[in-house]
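See below for the structure under consideration.
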Amino acid sequence: MERVPVLKIGDFLLVSIQVDMEDQIALQLQEDLSARIVETGVHGVIIDITALDIVDSFVGRMLSTIAAISKVLDAETVVVGMRPAVAITLVELGLSLNGIRTALNVERGMELLARAREDELFLDLGDDDSAETDSDGAAVRS
Amino acid sequence: MALSTEASSRLAAQLDEHQDKISELWVRQVAATLRGRLSQGELDRQIRELFRALRETLAAGTTQLQGDGGEVRALLTELSRARALQGFTSTETAISIFAVKEAFATATDVFNAESQAMGDYISFGSFIDELGLFTFATYAQAREEVIADQAEQLLELATPVVKLWDGVVAVPLVGTLDSARAQVVMERLLQTLVDTGSPYAIIDITGVPAVDTQVAQHVLKTVVAARLMGAECIISGIRPQIAQTIVALGIEFGDIATKATLADALRHALRRSGNSDLVRRGAARREH
């Protein structure tokens, strides 16, 4: 049976979907992914759908399920590389990927996850670090 | 070789004599070429009117379409326009007229009555008609291709996607936004987002004369599609009247950022792409 590989890159897991999703493959992926999240202790999952020409309600639901499972295991999910044609079709069909973060490409996805993670860490540590980031923000504004 | 006055009155007499047969044959032949895409009644009416006008014109001794042939010309104009709008080809339209020749020849029995050369010449004439029709059809098709190309170029000209900053692209929309254009704008914008990897897009509607629910719908769709791909859209260039219209129409932009000017939108995008995003959210959560 075909299987979707789950790769660990730095602090993230990368899932690149290259095959047509079917029930069995989707279930296997959910199992593999949840096992890997626990095993590696990562806090971010990137799902790359660059290779998908069609995203229907089945794939949409699968993505939502994966995001929900990861969330329970304390990992943020971001879907990257959605093609323009796919996005247009989803909008025309009125399907929206509720509760799923998206980014243009893997790199942006990693940035997004890193930023979200940092954000959480700041919260944990209290507001000691806020001065540094404030100055960053000011630099951009000026 | 123009018709002489005597010839035209002789023809008018012939038309009179074989009136029913000619118009019946004419209608039948046109109906065969149109293959039932026009109702029999309508076709009947058109052909009979045309026949009457033709007969009267010939009887009056007019041999030219210009000048006194006014009624025939008006009828032909009406018929040609109607056929074009109904989607018939130029050949099918022209055959409606040419068909009268064969109907006339059959009805008046020229094939048998006159010499063999005459019959040959008539057949030759219809063969040449076919060649002429083919040339014209090809010509019209080539013209249509040129027009379609130009329309496409115009569409592309009218919807540039420009890069404003690292990671920020903008589409200045100018002119009326119909469905076809909105589709092109959406596709080009989304493709540019992918190509440049820009997470921010500004849709500037300064040049859009009026915003109705349809235009708003197109813009909203684009924003949602961009969001699905992981990019954020900002709508800018909303003029005071347009803001009032938007509110009056009850159009909801939801949590989509809207700015009055392109400069504001760019500032917003730059601020968001910097670390201040993190600061702001962090601060907001801390307050809770």
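Residue numbers start at 1 in each chain; chains themselves are named A, B, ... in the order of the structure tokens; ligands are numbered from 1 in the order shown.
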
Next on the checklist: Residues within 12 Å of Trp165 in chain B, please, as a VMD selection string. Count only C-alpha atoms; anything in the same chain fewer than 4 positions from it doesn't count.
Outcome noted: chain B and resid 169 to 170 196 to 202 263 265 to 267 269 to 270 273

Item to check | Exercise answer, chain A residues close to chain B, 6 Å and only C-alpha atoms, as a list in words | outcome: Met82, Pro84, Ala87, Ile88, Val91, Thr102, Ala103, Leu104 and Gly137 of chain A

Next on the checklist: Can you tell me, as a ChimeraX atom specification, which residues in chain A count as strand (DSSP E or B) by DSSP?
Outcome noted: /A:6-9,12-16,44-48,76-80,101-103

Create the file for the chosen residues now, containing N, CA, C and O atoms and written as an mmCIF file, in the first residue's frame.
data_model
loop_
_atom_site.group_PDB
_atom_site.id
_atom_site.type_symbol
_atom_site.label_atom_id
_atom_site.label_comp_id
_atom_site.auth_asym_id
_atom_site.auth_seq_id
_atom_site.Cartn_x
_atom_site.Cartn_y
_atom_site.Cartn_z
ATOM 1 N N VAL A 6 6.555 10.734 6.621
ATOM 2 C CA VAL A 6 6.579 11.831 7.595
ATOM 3 C C VAL A 6 8.045 12.108 7.928
ATOM 4 O O VAL A 6 8.723 11.264 8.495
ATOM 5 N N LEU A 7 8.535 13.269 7.521
ATOM 6 C CA LEU A 7 9.958 13.590 7.689
ATOM 7 C C LEU A 7 10.153 14.577 8.822
ATOM 8 O O LEU A 7 9.358 15.506 8.985
ATOM 9 N N LYS A 8 11.215 14.386 9.576
ATOM 10 C CA LYS A 8 11.509 15.361 10.628
ATOM 11 C C LYS A 8 12.560 16.323 10.109
ATOM 12 O O LYS A 8 13.638 15.916 9.679
ATOM 13 N N ILE A 9 12.251 17.608 10.108
ATOM 14 C CA ILE A 9 13.203 18.633 9.687
ATOM 15 C C ILE A 9 13.311 19.630 10.819
ATOM 16 O O ILE A 9 12.346 20.353 11.099
ATOM 17 N N PHE A 12 10.410 20.534 13.220
ATOM 18 C CA PHE A 12 9.088 20.295 12.627
ATOM 19 C C PHE A 12 9.005 18.935 11.967
ATOM 20 O O PHE A 12 10.024 18.324 11.645
ATOM 21 N N LEU A 13 7.780 18.503 11.774
ATOM 22 C CA LEU A 13 7.542 17.324 10.948
ATOM 23 C C LEU A 13 6.996 17.807 9.617
ATOM 24 O O LEU A 13 6.113 18.670 9.578
ATOM 25 N N LEU A 14 7.539 17.232 8.529
ATOM 26 C CA LEU A 14 7.075 17.630 7.202
ATOM 27 C C LEU A 14 6.370 16.454 6.540
ATOM 28 O O LEU A 14 6.933 15.369 6.411
ATOM 29 N N VAL A 15 5.114 16.697 6.157
ATOM 30 C CA VAL A 15 4.344 15.674 5.455
ATOM 31 C C VAL A 15 4.063 16.205 4.065
ATOM 32 O O VAL A 15 3.382 17.215 3.910
ATOM 33 N N SER A 16 4.651 15.579 3.054
ATOM 34 C CA SER A 16 4.415 16.044 1.686
ATOM 35 C C SER A 16 3.504 15.045 0.984
ATOM 36 O O SER A 16 3.893 13.912 0.730
ATOM 37 N N GLY A 44 5.443 21.373 15.827
ATOM 38 C CA GLY A 44 4.927 21.929 14.575
ATOM 39 C C GLY A 44 4.864 20.868 13.488
ATOM 40 O O GLY A 44 5.752 20.028 13.359
ATOM 41 N N VAL A 45 3.743 20.887 12.717
ATOM 42 C CA VAL A 45 3.592 19.952 11.604
ATOM 43 C C VAL A 45 3.314 20.770 10.346
ATOM 44 O O VAL A 45 2.449 21.650 10.347
ATOM 45 N N ILE A 46 4.079 20.492 9.283
ATOM 46 C CA ILE A 46 3.848 21.181 8.015
ATOM 47 C C ILE A 46 3.320 20.170 7.018
ATOM 48 O O ILE A 46 3.932 19.130 6.795
ATOM 49 N N ILE A 47 2.145 20.455 6.463
ATOM 50 C CA ILE A 47 1.592 19.558 5.442
ATOM 51 C C ILE A 47 1.711 20.259 4.095
ATOM 52 O O ILE A 47 1.132 21.328 3.882
ATOM 53 N N ASP A 48 2.485 19.661 3.207
ATOM 54 C CA ASP A 48 2.733 20.274 1.907
ATOM 55 C C ASP A 48 1.796 19.653 0.872
ATOM 56 O O ASP A 48 1.829 18.445 0.632
ATOM 57 N N GLU A 76 1.299 22.537 16.393
ATOM 58 C CA GLU A 76 0.545 23.390 15.460
ATOM 59 C C GLU A 76 0.659 22.806 14.057
ATOM 60 O O GLU A 76 1.724 22.306 13.680
ATOM 61 N N THR A 77 -0.430 22.892 13.314
ATOM 62 C CA THR A 77 -0.382 22.403 11.929
ATOM 63 C C THR A 77 -0.499 23.580 10.976
ATOM 64 O O THR A 77 -1.286 24.493 11.212
ATOM 65 N N VAL A 78 0.339 23.552 9.929
ATOM 66 C CA VAL A 78 0.176 24.567 8.890
ATOM 67 C C VAL A 78 0.197 23.865 7.536
ATOM 68 O O VAL A 78 1.006 22.979 7.290
ATOM 69 N N VAL A 79 -0.801 24.212 6.701
ATOM 70 C CA VAL A 79 -0.889 23.633 5.359
ATOM 71 C C VAL A 79 -0.199 24.586 4.388
ATOM 72 O O VAL A 79 -0.497 25.784 4.378
ATOM 73 N N VAL A 80 0.737 24.086 3.602
ATOM 74 C CA VAL A 80 1.482 24.974 2.698
ATOM 75 C C VAL A 80 1.373 24.511 1.253
ATOM 76 O O VAL A 80 1.090 23.352 0.968
ATOM 77 N N ARG A 101 -4.229 26.659 9.656
ATOM 78 C CA ARG A 101 -3.370 27.757 9.233
ATOM 79 C C ARG A 101 -2.786 27.407 7.871
ATOM 80 O O ARG A 101 -2.541 26.241 7.576
ATOM 81 N N THR A 102 -2.553 28.439 7.064
ATOM 82 C CA THR A 102 -1.962 28.179 5.755
ATOM 83 C C THR A 102 -0.789 29.103 5.534
ATOM 84 O O THR A 102 -0.708 30.178 6.135
ATOM 85 N N ALA A 103 0.141 28.685 4.665
ATOM 86 C CA ALA A 103 1.264 29.529 4.270
ATOM 87 C C ALA A 103 1.581 29.225 2.815
ATOM 88 O O ALA A 103 1.197 28.180 2.297
#

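The space between CA of Ile37 in chain A and CA of Ala75 in chain A spans 7.6 Å.
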
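Near Phe58 in chain A, within 12 Å and counting only C-alpha atoms, sit Asp20, Met21, Glu22, Asp23, Ala26, Leu63, Ser64, Thr65, Leu95 and Leu97 of chain A; same-chain residues fewer than 5 positions away were not included.
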
May I have the selected residues written with C-alpha atoms, as a short mmCIF file (atom, residue, chain, number, x, y, z; two decimals), in the first residue's frame?
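To be explicit, this is the file written out as selection07.cif:
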data_model
loop_
_atom_site.label_atom_id
_atom_site.label_comp_id
_atom_site.auth_asym_id
_atom_site.auth_seq_id
_atom_site.Cartn_x
_atom_site.Cartn_y
_atom_site.Cartn_z
CA ASP A 20 -4.18 10.67 -4.38
CA MET A 21 -5.59 10.39 -0.90
CA GLU A 22 -7.82 7.43 -0.11
CA ASP A 23 -9.41 6.35 3.15
CA ALA A 26 -5.41 8.93 5.21
CA LEU A 63 -6.55 18.05 6.83
CA SER A 64 -8.90 19.29 9.56
CA THR A 65 -8.68 15.94 11.36
CA LEU A 95 -15.49 25.04 1.25
CA LEU A 97 -10.56 24.90 5.74
#

Excluding Ala137 in chain B and residues on its chain fewer than 3 positions from it, collect all residues at most 7 Å away from it, counting only C-alpha atoms, and give them as a short mmCIF file (atom, residue, chain, number, x, y, z; two decimals) with N, CA, C and O atoms, in the first residue's frame.
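Okay, result12.cif is ready:
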data_model
loop_
_atom_site.label_atom_id
_atom_site.label_comp_id
_atom_site.auth_asym_id
_atom_site.auth_seq_id
_atom_site.Cartn_x
_atom_site.Cartn_y
_atom_site.Cartn_z
N SER B 90 -21.45 32.85 -41.08
CA SER B 90 -21.63 33.75 -42.22
C SER B 90 -22.12 32.96 -43.42
O SER B 90 -22.97 33.42 -44.18
N THR B 91 -21.59 31.74 -43.61
CA THR B 91 -21.99 30.92 -44.75
C THR B 91 -23.47 30.60 -44.68
O THR B 91 -24.21 30.77 -45.66
N LEU B 133 -18.16 31.84 -50.58
CA LEU B 133 -18.62 31.71 -49.20
C LEU B 133 -17.51 31.18 -48.30
O LEU B 133 -17.33 31.63 -47.18
N PHE B 134 -16.75 30.21 -48.86
CA PHE B 134 -15.67 29.62 -48.07
C PHE B 134 -14.62 30.69 -47.74
O PHE B 134 -14.18 30.82 -46.61
N ALA B 140 -13.70 35.82 -42.09
CA ALA B 140 -14.40 36.23 -40.87
C ALA B 140 -13.80 35.56 -39.65
O ALA B 140 -13.63 36.17 -38.59
N GLN B 141 -13.44 34.28 -39.84
CA GLN B 141 -12.87 33.53 -38.71
C GLN B 141 -11.53 34.15 -38.30
O GLN B 141 -11.27 34.33 -37.10
#

Next on the checklist: Please report the interatomic distance between CA of Val171 in chain B and CA of Ile203 in chain B in Å with one decimal.
Outcome noted: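 Calculated distance between CA of Val171 in chain B and CA of Ile203 in chain B is 5.1 Å.
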
Next on the checklist: Which residues are near Ser80 in chain B? Cut-off 12 Å, only C-alpha atoms, ignore same chain within fewer than 6 positions. Put them as an NGL selection string.
Outcome noted: :B and (46 or 72-74 or 86-97)

Dump as an mmCIF file, in the first residue's frame, selection limited to N, CA, C and O atoms:
data_model
loop_
_atom_site.group_PDB
_atom_site.id
_atom_site.type_symbol
_atom_site.label_atom_id
_atom_site.label_comp_id
_atom_site.auth_asym_id
_atom_site.auth_seq_id
_atom_site.Cartn_x
_atom_site.Cartn_y
_atom_site.Cartn_z
ATOM 1 N N GLN B 46 -39.669 35.528 -42.743
ATOM 2 C CA GLN B 46 -38.497 36.243 -43.249
ATOM 3 C C GLN B 46 -38.390 36.127 -44.769
ATOM 4 O O GLN B 46 -38.218 37.113 -45.482
ATOM 5 N N VAL B 72 -35.046 46.289 -49.537
ATOM 6 C CA VAL B 72 -34.323 45.021 -49.545
ATOM 7 C C VAL B 72 -33.132 45.118 -48.592
ATOM 8 O O VAL B 72 -32.876 44.226 -47.801
ATOM 9 N N ARG B 73 -32.447 46.259 -48.715
ATOM 10 C CA ARG B 73 -31.251 46.419 -47.891
ATOM 11 C C ARG B 73 -31.602 46.399 -46.405
ATOM 12 O O ARG B 73 -30.934 45.750 -45.611
ATOM 13 N N ALA B 74 -32.693 47.090 -46.054
ATOM 14 C CA ALA B 74 -33.101 47.130 -44.643
ATOM 15 C C ALA B 74 -33.434 45.726 -44.149
ATOM 16 O O ALA B 74 -33.028 45.316 -43.061
ATOM 17 N N GLN B 86 -28.006 35.129 -33.370
ATOM 18 C CA GLN B 86 -28.484 33.792 -33.028
ATOM 19 C C GLN B 86 -27.381 32.749 -33.146
ATOM 20 O O GLN B 86 -27.594 31.571 -32.864
ATOM 21 N N GLY B 87 -26.203 33.190 -33.615
ATOM 22 C CA GLY B 87 -25.063 32.281 -33.643
ATOM 23 C C GLY B 87 -24.920 31.481 -34.931
ATOM 24 O O GLY B 87 -24.221 30.478 -34.962
ATOM 25 N N PHE B 88 -25.575 31.942 -36.007
ATOM 26 C CA PHE B 88 -25.369 31.254 -37.283
ATOM 27 C C PHE B 88 -24.079 31.742 -37.916
ATOM 28 O O PHE B 88 -23.636 32.869 -37.667
ATOM 29 N N THR B 89 -23.459 30.887 -38.750
ATOM 30 C CA THR B 89 -22.210 31.296 -39.395
ATOM 31 C C THR B 89 -22.515 32.206 -40.573
ATOM 32 O O THR B 89 -23.663 32.307 -41.010
ATOM 33 N N SER B 90 -21.446 32.849 -41.079
ATOM 34 C CA SER B 90 -21.628 33.753 -42.220
ATOM 35 C C SER B 90 -22.115 32.957 -43.421
ATOM 36 O O SER B 90 -22.969 33.424 -44.184
ATOM 37 N N THR B 91 -21.586 31.744 -43.607
ATOM 38 C CA THR B 91 -21.987 30.917 -44.745
ATOM 39 C C THR B 91 -23.474 30.600 -44.679
ATOM 40 O O THR B 91 -24.208 30.770 -45.662
ATOM 41 N N GLU B 92 -23.948 30.187 -43.505
ATOM 42 C CA GLU B 92 -25.363 29.840 -43.354
ATOM 43 C C GLU B 92 -26.255 31.039 -43.645
ATOM 44 O O GLU B 92 -27.324 30.907 -44.230
ATOM 45 N N THR B 93 -25.770 32.221 -43.230
ATOM 46 C CA THR B 93 -26.553 33.428 -43.457
ATOM 47 C C THR B 93 -26.609 33.758 -44.946
ATOM 48 O O THR B 93 -27.678 34.040 -45.502
ATOM 49 N N ALA B 94 -25.450 33.692 -45.600
ATOM 50 C CA ALA B 94 -25.392 34.061 -47.013
ATOM 51 C C ALA B 94 -26.183 33.073 -47.868
ATOM 52 O O ALA B 94 -26.821 33.460 -48.845
ATOM 53 N N ILE B 95 -26.169 31.794 -47.477
ATOM 54 C CA ILE B 95 -26.896 30.791 -48.254
ATOM 55 C C ILE B 95 -28.388 31.107 -48.269
ATOM 56 O O ILE B 95 -29.073 30.862 -49.263
ATOM 57 N N SER B 96 -28.885 31.723 -47.198
ATOM 58 C CA SER B 96 -30.294 32.109 -47.158
ATOM 59 C C SER B 96 -30.646 32.976 -48.361
ATOM 60 O O SER B 96 -31.763 32.951 -48.848
ATOM 61 N N ILE B 97 -29.680 33.781 -48.791
ATOM 62 C CA ILE B 97 -29.935 34.664 -49.940
ATOM 63 C C ILE B 97 -29.663 33.934 -51.250
ATOM 64 O O ILE B 97 -30.482 33.942 -52.169
#

Item to check | Å distance separating CA of Ala107 in chain B from CA of Gln29 in chain B, one decimal place | outcome: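 These atoms are spaced 12.9 Å apart.
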
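For range 57-62 of chain B, the set of protein, DNA and RNA residues having any atom at most 6 Å away, when counting only C-alpha atoms and skipping those fewer than 5 positions along the same chain, is B:Thr5, B:Ser8, B:Ser9, B:Ala12.
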
Item to check | Test item: residues at most 9 Å from Asp56 in chain A, only C-alpha atoms, excluding those fewer than 2 positions along its chain, as an NGL selection string | outcome: :A and (54 or 58-61 or 89-90 or 95)

Let me see the file: selected residues, N, CA and C atoms, as a tab-separated table (two decimals), in the first residue's frame.
chain	number	residue	atom	x	y	z
A	54	ILE	N	-6.23	18.48	-6.90
A	54	ILE	CA	-7.63	18.55	-6.47
A	54	ILE	C	-7.69	18.43	-4.95
A	58	PHE	N	-13.25	15.58	0.98
A	58	PHE	CA	-12.59	14.48	1.68
A	58	PHE	C	-11.21	14.91	2.17
A	59	VAL	N	-10.41	15.48	1.26
A	59	VAL	CA	-9.07	15.93	1.63
A	59	VAL	C	-9.17	17.05	2.66
A	60	GLY	N	-10.15	17.95	2.46
A	60	GLY	CA	-10.34	19.04	3.40
A	60	GLY	C	-10.60	18.52	4.82
A	61	ARG	N	-11.47	17.49	4.92
A	61	ARG	CA	-11.79	16.93	6.22
A	61	ARG	C	-10.58	16.24	6.83
A	89	THR	N	-11.05	26.91	-6.62
A	89	THR	CA	-12.10	25.89	-6.59
A	89	THR	C	-12.74	25.79	-5.22
A	90	LEU	N	-11.90	25.80	-4.18
A	90	LEU	CA	-12.45	25.71	-2.82
A	90	LEU	C	-13.39	26.87	-2.54
A	95	LEU	N	-16.17	25.80	0.20
A	95	LEU	CA	-15.49	25.04	1.25
A	95	LEU	C	-14.42	25.91	1.87

Next on the checklist: Using DSSP secondary structure from the backbone, list all helix (DSSP H, G or I) positions within range 51-235 of chain B, as an MDAnalysis selection string.
Outcome noted: chainID B and resid 51:59 67:86 90:108 110:113 116:157 179:196 213:229

Checklist entry - Which is closest to Ala51 in chain A among A:Ala114, A:Ile17, A:Ala85, A:Ile100, if we use only C-alpha atoms? => result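 Comparing A:Ala114, A:Ile17, A:Ala85, A:Ile100 against Ala51 in chain A, the winner is A:Ile17.
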